[in-house]
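Text of the file entry-v7.cif, holding mmCIF, C-alpha atoms and all ligand atoms:
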data_query
#
loop_
_atom_site.label_atom_id
_atom_site.label_comp_id
_atom_site.auth_asym_id
_atom_site.auth_seq_id
_atom_site.Cartn_x
_atom_site.Cartn_y
_atom_site.Cartn_z
CA GLU A 929 17.83 65.40 143.49
CA GLN A 930 15.87 65.06 140.26
CA SER A 931 12.88 67.24 139.67
CA PRO A 932 9.90 65.43 138.16
CA VAL A 933 10.50 67.36 134.96
CA ASP A 934 13.99 65.84 134.47
CA ALA A 935 12.97 62.30 135.41
CA PRO A 936 13.37 59.86 132.53
CA VAL A 937 10.12 59.15 130.82
CA ALA A 938 9.23 55.47 130.72
CA LYS A 939 8.86 54.64 127.04
CA ALA A 940 6.11 52.25 126.10
CA LYS A 941 7.90 49.23 124.60
CA PRO A 942 6.23 46.79 122.25
CA VAL A 943 5.56 43.65 124.22
CA LEU A 944 7.23 40.67 122.54
CA PRO A 945 6.97 37.11 123.79
CA ASN A 946 10.43 35.89 124.93
CA ALA A 947 11.91 39.32 124.23
CA GLN A 948 15.64 39.87 124.63
CA THR A 949 17.56 43.11 124.16
CA VAL A 950 20.27 43.58 121.51
CA THR A 951 23.59 44.60 123.12
CA LYS A 952 25.95 44.64 120.13
CA VAL A 953 25.79 44.46 116.32
CA THR A 954 28.79 43.98 114.00
CA HIS A 955 28.58 44.02 110.20
CA TYR A 956 31.32 42.19 108.28
CA THR A 957 30.21 42.30 104.66
CA ASP A 958 27.03 43.10 102.76
CA ARG A 959 26.14 39.41 103.31
CA LEU A 960 27.24 38.78 106.93
CA PHE A 961 26.76 40.22 110.41
CA SER A 962 26.85 39.12 114.05
CA PHE A 963 24.92 40.35 117.07
CA ARG A 964 24.67 39.79 120.79
CA VAL A 965 21.55 39.83 122.97
CA THR A 966 20.73 39.43 126.65
CA ARG A 967 20.32 35.82 127.76
CA PRO A 968 16.92 34.51 128.88
CA GLN A 969 17.22 33.59 132.55
CA SER A 970 15.61 30.22 131.95
CA LEU A 971 17.92 29.25 129.06
CA ARG A 972 20.37 26.41 129.66
CA PHE A 973 22.05 24.99 126.57
CA ARG A 974 24.98 22.85 125.49
CA SER A 975 27.64 24.58 123.37
CA GLY A 976 26.86 23.84 119.69
CA GLU A 977 23.05 23.84 120.01
CA PHE A 978 20.57 26.09 118.20
CA VAL A 979 17.39 27.98 119.18
CA MET A 980 14.54 29.66 117.32
CA ILE A 981 14.92 33.44 117.15
CA GLY A 982 13.19 36.20 115.24
CA LEU A 983 11.01 39.27 115.09
CA MET A 984 7.32 40.02 115.18
CA GLY A 985 5.97 39.75 111.64
CA ASP A 986 3.70 42.33 110.00
CA ASN A 987 0.78 39.93 110.51
CA GLY A 988 1.33 40.05 114.29
CA LYS A 989 2.75 36.53 114.40
CA PRO A 990 6.35 35.80 115.38
CA LEU A 991 8.64 35.20 112.39
CA LEU A 992 11.21 32.70 113.67
CA ARG A 993 14.19 30.81 112.22
CA ALA A 994 16.68 28.32 113.61
CA TYR A 995 19.98 29.93 114.62
CA SER A 996 23.01 28.24 116.13
CA ILE A 997 24.11 29.94 119.33
CA ALA A 998 27.61 31.23 118.56
CA SER A 999 28.49 31.99 122.19
CA PRO A 1000 29.56 29.29 124.66
CA SER A 1001 27.24 27.89 127.33
CA TRP A 1002 28.98 29.88 130.11
CA ASP A 1003 28.51 33.33 128.52
CA ASP A 1004 26.15 35.88 130.13
CA GLU A 1005 24.88 36.93 126.70
CA LEU A 1006 23.92 35.10 123.51
CA GLU A 1007 25.75 35.67 120.23
CA PHE A 1008 24.49 34.89 116.72
CA TYR A 1009 26.17 34.98 113.31
CA SER A 1010 23.87 35.58 110.38
CA ILE A 1011 23.64 35.90 106.65
CA LYS A 1012 21.69 38.85 105.16
CA VAL A 1013 19.34 37.79 102.41
CA PRO A 1014 17.92 40.89 100.64
CA ASP A 1015 14.47 39.31 100.15
CA GLY A 1016 14.70 36.90 103.10
CA PRO A 1017 11.53 37.23 105.22
CA LEU A 1018 13.50 37.42 108.48
CA THR A 1019 17.07 38.45 107.62
CA SER A 1020 15.99 41.40 105.43
CA LYS A 1021 14.60 42.92 108.67
CA LEU A 1022 16.97 41.39 111.19
CA GLN A 1023 19.97 42.98 109.46
CA ASN A 1024 18.66 46.41 110.54
CA ILE A 1025 18.59 45.71 114.31
CA LYS A 1026 20.36 48.21 116.57
CA VAL A 1027 21.59 48.13 120.16
CA GLY A 1028 18.55 48.44 122.46
CA ASP A 1029 16.12 46.78 120.03
CA GLU A 1030 14.30 43.63 121.05
CA ILE A 1031 14.25 40.25 119.32
CA ILE A 1032 12.45 37.03 120.17
CA VAL A 1033 14.54 34.17 121.59
CA ARG A 1034 12.68 30.93 122.30
CA PRO A 1035 14.49 29.29 125.21
CA LYS A 1036 14.31 25.73 123.80
CA PRO A 1037 17.78 24.66 122.64
CA VAL A 1038 18.27 21.56 120.45
CA GLY A 1039 20.93 20.10 118.17
CA THR A 1040 23.40 17.37 117.36
CA LEU A 1041 26.68 19.36 117.21
CA VAL A 1042 27.30 18.63 120.88
CA HIS A 1043 30.01 16.76 122.73
CA ASP A 1044 27.44 14.28 124.04
CA ALA A 1045 26.98 12.94 120.48
CA LEU A 1046 30.71 12.31 119.89
CA LEU A 1047 32.81 9.49 121.32
CA PRO A 1048 36.12 10.57 122.89
CA GLY A 1049 39.12 10.73 120.54
CA LYS A 1050 42.51 12.33 119.99
CA ARG A 1051 41.57 14.97 117.47
CA VAL A 1052 38.33 16.76 116.61
CA TRP A 1053 37.68 18.35 113.22
CA PHE A 1054 35.22 21.22 112.91
CA PHE A 1055 34.22 21.57 109.22
CA ALA A 1056 32.36 24.82 108.36
CA THR A 1057 31.31 26.76 105.30
CA GLY A 1058 29.90 30.30 105.44
CA THR A 1059 27.68 30.95 108.49
CA GLY A 1060 28.13 27.27 109.40
CA PHE A 1061 30.98 28.63 111.51
CA ALA A 1062 28.47 29.72 114.21
CA PRO A 1063 28.18 26.53 116.29
CA PHE A 1064 31.97 26.23 116.23
CA ALA A 1065 32.31 29.77 117.55
CA SER A 1066 30.50 28.33 120.57
CA LEU A 1067 32.42 25.04 120.72
CA LEU A 1068 35.82 26.74 120.28
CA ARG A 1069 35.08 28.67 123.52
CA GLU A 1070 33.77 25.59 125.35
CA PRO A 1071 36.19 24.12 127.95
CA GLU A 1072 34.99 20.55 127.26
CA THR A 1073 36.43 20.79 123.72
CA TYR A 1074 39.93 21.07 125.18
CA GLU A 1075 39.36 18.63 128.02
CA LYS A 1076 38.14 15.98 125.59
CA PHE A 1077 40.60 16.43 122.69
CA GLU A 1078 44.36 16.97 122.30
CA GLU A 1079 43.93 18.66 118.94
CA VAL A 1080 41.17 20.85 117.49
CA ILE A 1081 41.17 21.52 113.74
CA ILE A 1082 38.77 24.14 112.43
CA THR A 1083 38.35 24.39 108.65
CA HIS A 1084 36.32 27.27 107.24
CA THR A 1085 35.62 27.61 103.52
CA CYS A 1086 34.12 30.87 102.26
CA ARG A 1087 33.72 32.59 98.91
CA ASP A 1088 36.06 35.49 99.76
CA VAL A 1089 38.53 36.69 102.37
CA ALA A 1090 36.15 39.20 104.03
CA GLU A 1091 33.78 36.35 104.86
CA LEU A 1092 36.49 34.69 106.95
CA GLU A 1093 36.89 37.70 109.27
CA TYR A 1094 34.39 36.77 112.00
CA GLY A 1095 36.01 33.37 112.44
CA ARG A 1096 39.59 34.60 112.15
CA LYS A 1097 39.09 37.26 114.85
CA LEU A 1098 37.42 34.78 117.17
CA ILE A 1099 40.24 32.26 116.77
CA GLU A 1100 42.91 34.93 117.23
CA GLY A 1101 41.26 35.89 120.54
CA LEU A 1102 41.06 32.37 121.99
CA LYS A 1103 44.45 32.28 123.71
CA GLN A 1104 43.82 35.68 125.32
CA ASP A 1105 40.41 34.64 126.65
CA PRO A 1106 40.58 34.90 130.45
CA LEU A 1107 38.32 31.88 130.93
CA ILE A 1108 39.61 29.36 128.42
CA GLY A 1109 42.94 30.78 127.18
CA GLU A 1110 45.04 28.42 129.29
CA LEU A 1111 43.09 25.37 128.15
CA VAL A 1112 43.47 26.32 124.48
CA GLU A 1113 47.31 26.45 124.52
CA ASP A 1114 48.44 25.41 121.02
CA LYS A 1115 45.67 22.90 120.48
CA VAL A 1116 43.77 24.82 117.79
CA LYS A 1117 44.79 24.53 114.14
CA TYR A 1118 42.93 26.96 111.88
CA TYR A 1119 42.56 26.09 108.18
CA PRO A 1120 40.71 28.84 106.27
CA THR A 1121 40.17 28.50 102.52
CA THR A 1122 38.49 30.65 99.87
CA THR A 1123 36.93 29.61 96.59
CA ARG A 1124 36.22 32.85 94.73
CA GLU A 1125 38.98 35.23 95.81
CA GLU A 1126 42.74 34.83 95.93
CA SER A 1127 44.02 33.89 99.42
CA PRO A 1128 46.92 31.86 100.88
CA LYS A 1129 44.82 28.66 100.61
CA MET A 1130 42.37 28.31 97.76
CA GLY A 1131 39.77 25.59 97.14
CA ARG A 1132 36.91 23.73 98.73
CA ILE A 1133 37.91 21.80 101.85
CA THR A 1134 36.34 18.67 100.33
CA THR A 1135 38.86 18.85 97.44
CA LEU A 1136 41.73 19.55 99.83
CA ILE A 1137 40.82 16.45 101.86
CA GLU A 1138 40.39 14.25 98.80
CA ASN A 1139 43.76 15.25 97.31
CA GLY A 1140 45.47 14.99 100.70
CA GLN A 1141 46.63 18.63 100.72
CA VAL A 1142 45.12 19.50 104.12
CA PHE A 1143 46.97 16.63 105.83
CA LYS A 1144 50.25 17.75 104.23
CA ASP A 1145 49.67 21.39 105.17
CA LEU A 1146 48.85 20.54 108.81
CA ASP A 1147 51.42 17.73 108.98
CA ILE A 1148 48.93 15.21 110.36
CA ALA A 1149 47.84 11.67 109.51
CA PRO A 1150 44.78 11.04 107.30
CA LEU A 1151 41.30 10.61 108.85
CA ASN A 1152 41.22 7.55 111.07
CA PRO A 1153 38.19 6.23 113.01
CA GLU A 1154 40.43 5.35 115.98
CA THR A 1155 41.67 8.88 116.54
CA ASP A 1156 39.56 11.37 114.59
CA ARG A 1157 36.14 12.85 115.33
CA GLY A 1158 34.23 15.37 113.21
CA MET A 1159 31.51 17.98 113.43
CA VAL A 1160 30.09 19.38 110.20
CA CYS A 1161 28.03 22.53 109.57
CA GLY A 1162 27.32 24.02 106.16
CA SER A 1163 24.94 23.75 103.21
CA LEU A 1164 23.09 20.50 102.53
CA GLU A 1165 25.44 19.64 99.67
CA PHE A 1166 28.50 20.37 101.79
CA ASN A 1167 27.22 18.23 104.64
CA LYS A 1168 26.49 15.36 102.26
CA ASP A 1169 29.95 15.58 100.69
CA ILE A 1170 31.78 15.65 104.03
CA ALA A 1171 29.61 12.82 105.39
CA ALA A 1172 30.62 10.68 102.40
CA ILE A 1173 34.28 11.49 103.03
CA MET A 1174 33.97 10.59 106.71
CA GLU A 1175 32.14 7.35 105.97
CA ASN A 1176 34.73 6.37 103.37
CA ALA A 1177 37.37 6.86 106.04
CA GLY A 1178 35.43 4.50 108.35
CA LEU A 1179 33.82 7.06 110.66
CA LYS A 1180 30.15 6.62 111.57
CA GLU A 1181 27.51 9.29 112.16
CA GLY A 1182 26.46 9.78 115.78
CA SER A 1183 23.52 11.34 117.58
CA ASN A 1184 22.52 12.41 121.08
CA SER A 1185 21.17 8.93 121.82
CA MET A 1186 23.96 7.04 120.04
CA PRO A 1187 27.32 8.88 120.14
CA ALA A 1188 29.77 7.95 117.36
CA GLU A 1189 32.60 9.46 115.30
CA PHE A 1190 30.97 12.41 113.50
CA VAL A 1191 27.88 14.61 113.63
CA ILE A 1192 26.18 16.94 111.15
CA GLU A 1193 23.90 19.97 111.20
CA LYS A 1194 22.61 22.16 108.39
CA ALA A 1195 23.60 25.82 108.66
CA PHE A 1196 20.90 28.47 108.76
CA VAL A 1197 20.27 29.48 105.14
CA GLY A 1198 18.09 32.56 105.26
P1 LIG B 1201 32.06 27.56 95.91
O1 LIG B 1201 32.41 29.00 95.79
O2 LIG B 1201 32.94 26.67 95.09
O3 LIG B 1201 30.60 27.28 95.69
P2 LIG B 1201 27.94 29.87 100.18
O4 LIG B 1201 28.43 31.25 100.47
O5 LIG B 1201 27.31 29.69 98.85
O6 LIG B 1201 27.12 29.29 101.30
O7 LIG B 1201 29.26 28.94 100.14
C1 LIG B 1201 30.20 28.99 101.15
C2 LIG B 1201 31.44 28.26 100.72
O8 LIG B 1201 31.17 26.85 100.71
C3 LIG B 1201 31.90 28.62 99.32
O9 LIG B 1201 33.29 28.82 99.37
C4 LIG B 1201 31.53 27.40 98.51
O10 LIG B 1201 32.41 27.14 97.45
C5 LIG B 1201 31.65 26.30 99.52
N1 LIG B 1201 30.86 25.12 99.16
C6 LIG B 1201 29.59 25.10 98.71
N2 LIG B 1201 29.16 23.84 98.50
C7 LIG B 1201 30.20 23.03 98.82
C8 LIG B 1201 30.38 21.62 98.81
N3 LIG B 1201 29.41 20.78 98.42
N4 LIG B 1201 31.58 21.15 99.22
C9 LIG B 1201 32.56 21.98 99.60
N5 LIG B 1201 32.44 23.32 99.65
C10 LIG B 1201 31.28 23.85 99.25
#
Turn the structure described in the file into structure tokens.
Ligand code: A2P
Amino acid sequence: EQSPVDAPVAKAKPVLPNAQTVTKVTHYTDRLFSFRVTRPQSLRFRSGEFVMIGLMGDNGKPLLRAYSIASPSWDDELEFYSIKVPDGPLTSKLQNIKVGDEIIVRPKPVGTLVHDALLPGKRVWFFATGTGFAPFASLLREPETYEKFEEVIITHTCRDVAELEYGRKLIEGLKQDPLIGELVEDKVKYYPTTTREESPKMGRITTLIENGQVFKDLDIAPLNPETDRGMVCGSLEFNKDIAAIMENAGLKEGSNSMPAEFVIEKAFVG
């Protein structure tokens, strides 16, 4: 029996609108970290979508940014993968969050990197640079990805090897995942490349597509609108360059209302 003296004291918490509690924080480099938070009960989303999240600003107004949800739609918690910008209004603060802290999560998911916006096909390509990996962290754990496609190719281009770690660990864990491991089998082909540090595969993915190297390395046929589908998430320039490559290969851009052969979303930039 607890005496009143030992009873835990209820701490007065700051009241945030749409508050969720941080359950895990992992730092990868001085530029990258991931974190998990409790999931709002009212939040339903499709794997690949994004929501607005943030903190209360010094002016008493919420400071929110768009973040892809990196966890799949079936997960109890939400995961996010973020850059740290030293003078970024949100990320300069967000990078200091600890387990037990609260952040704001607006339960209004949107986005085009969803299966509904892609026609069925044989093979799906996920093209990511930097934190553009986040929506694919969700889609790689989504059963529909494996029900809809025979082959899943994930390319991730980063400046250096350390920036690949979040994605590499996630992909290594897929086959052991109790929920989707059996669906994944050997369907996933991972193609990581770096541009500013020596690694087994150097260069921008755009160059490696244009010179045909990626198709040689993976032993697959070139992009073909009959068989190939694509999802793209990176910087504006990256998205534009991949879109041009897809269109040259005869693939058309799709949307929620008009599914087609590829879809694009800009990664969160800070
Ligand atoms: P690079 O080092 O040649 O600029 P960032 O960290 O700046 O967001 O970049 C992430 C990765 O995306 C880097 O490896 C970068 O290569 C690459 N990248 C940036 N722009 C493009 C683009 N237009 N096409 C292909 N890769 C790009």
- Item | Test item: residues lying within 9 Å of ligand LIG 1201 (chain B) with only C-alpha atoms and all ligand atoms, as JSON, numbers by chain | {"A": [959, 1056, 1057, 1058, 1059, 1060, 1084, 1085, 1086, 1087, 1088, 1091, 1121, 1122, 1123, 1124, 1131, 1132, 1133, 1134, 1135, 1162, 1163, 1164, 1165, 1166, 1167, 1168, 1169, 1170, 1195, 1197]}
- Please indicate the distance in Å from CA of Asn1139 (chain A) to CA of Ile1099 (chain A), rounded to one decimal place. 26.1 Å
- May I ask for the distance between CA of Lys1036 (chain A) and CA of Gly1109 (chain A), given in Å to one decimal place?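 Spanning CA of Lys1036 (chain A) to CA of Gly1109 (chain A) is a straight-line distance of 29.3 Å.
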- So, counting only C-alpha atoms, which residue among A:Gly988, A:Gly976, A:Pro1153, A:Pro1128 is closest to Leu1067 (chain A)?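 For Leu1067 (chain A), the nearest of the given residues is A:Gly976.
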- Check the smallest atom-to-atom distance from each of A:Tyr1094, A:Tyr995, A:Phe978, A:Phe1077 to Ala1065 (chain A) using only C-alpha atoms, then report the winner.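 Looking at the shortest contact to Ala1065 (chain A), the residue is A:Tyr1094.
If only C-alpha atoms are the atoms counted, then among A:Val1089, A:Ala1045, A:Ile1011, A:Ile1148 the closest residue to Gly1182 (chain A) is A:Ala1045.
Among A:Asp1029, A:Asp1114, A:Glu977, A:Asp1003, the residue with the shortest atom-to-atom distance to Ala947 (chain A), counting all atoms listed in the file, is A:Asp1029.
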- By how many Å are CA of Met1159 (chain A) and CA of Glu1125 (chain A) apart? 25.8 Å
Pull the closest atom pair for each residue of region 1030-1072 of chain A that gets at most 10 Å from region 962-970 of chain A, along with the distance in Å to one decimal, counting only C-alpha atoms, ordering rows by chain and then ascending residue number, as CSV.
residue,atom,partner,partner_atom,distance
A:Glu1030,CA,A:Val965,CA,8.4
A:Ile1031,CA,A:Val965,CA,8.2
A:Ile1032,CA,A:Val965,CA,9.9
A:Val1033,CA,A:Pro968,CA,7.7
A:Arg1034,CA,A:Pro968,CA,8.6
A:Pro1035,CA,A:Pro968,CA,6.8
A:Lys1036,CA,A:Ser970,CA,9.4
A:Thr1059,CA,A:Ser962,CA,9.9
A:Ala1062,CA,A:Ser962,CA,9.5
- Of the listed residues A:Val1038, A:Val1027, A:Val953, A:Val1052, that which approaches Leu971 (chain A) most closely, counting all atoms listed in the file: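 Selected residue with least distance to Leu971 (chain A): A:Val1038.
Candidate residues A:Thr1040, A:Asn1152, A:Ser996, A:Asn946 were compared for distance to Ser1066 (chain A), and the nearest is A:Ser996, using only C-alpha atoms.
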- Identify, on the basis of only C-alpha atoms, every residue whose closest approach to Ala994 (chain A) does not exceed 7 Å; exclude the query and any residue fewer than 5 positions from it along the same chain; express the result as a PyMOL selection string. chain A and resi 978-981+1196
